[in-house]
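One structure is given here, and the rest of the page talks about it.
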Amino acid sequence: MAIQKKSRKRDAILACVCSTDTHPTAEWVYTQLKPDIPDLSLGTVYRNLAMFRREGIIGSAGVVNGLERYDRNPLPHAHFVCTQCSAVYDLPDIEPPVELMRRVTCGCPSTCELMFTGVCNDCIFPDAGSKITI
């Protein structure tokens with residue numbers, strides 16, 4: 001793993017991702033930072049997010065509606081994706097199915113991702129302001 005030179009933009013991008021549990025897109029990060037960093041480009045955001053993922057600093061909740069959703073938690077964990085509003089929720093109490101990994105015979109898996117899809121409680125009960133609870 002190469003040691004990256006510190007930069008104000010890189011630090012701001014990482015801080016932005018780590019400051020939210022909404023599983024942001026690169027575009028969202030760019031929009032949040034652009035007012036304070038006028039010379040920031042969307043390409044810089046994408047390159048740094050890719051580097052942070054490669055280095056295991058952040059994770060990914062997968063692609064939702066064609067856009068990768070980044071995760072401040074790089075460890076494998078389950079997610080719920082709302083098919084109506086595209087919200088992504090962490091499901092910390094659900095362990096990835098390690099037993100399924102043992103059944104893989106065509107190779108040696110290193111991780112297993114678990115994603116549930118459906119309609120979130122906020123969309124089902126819009127006036128309740130609820131969150132997914134397990």
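Naming scheme: A, B, ... for chains in displayed order of the structure tokens; residues 1 onward per chain; ligands 1 onward as shown.
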Which residues, written as number ranges by chain, have at least one atom at most 9 Å from region 56-73 of chain A, with only C-alpha atoms counted and residues fewer than 2 positions away on the same chain left out? A: 14, 17-27, 49, 51-54, 75-79, 81, 83, 86-88, 90, 113, 115
Once DSSP has gone over the backbone, tell me which residues of region 6-111 of chain A are in alpha helix (DSSP H), as a ChimeraX atom specification. /A:8-18,26-33,42-54,98-102
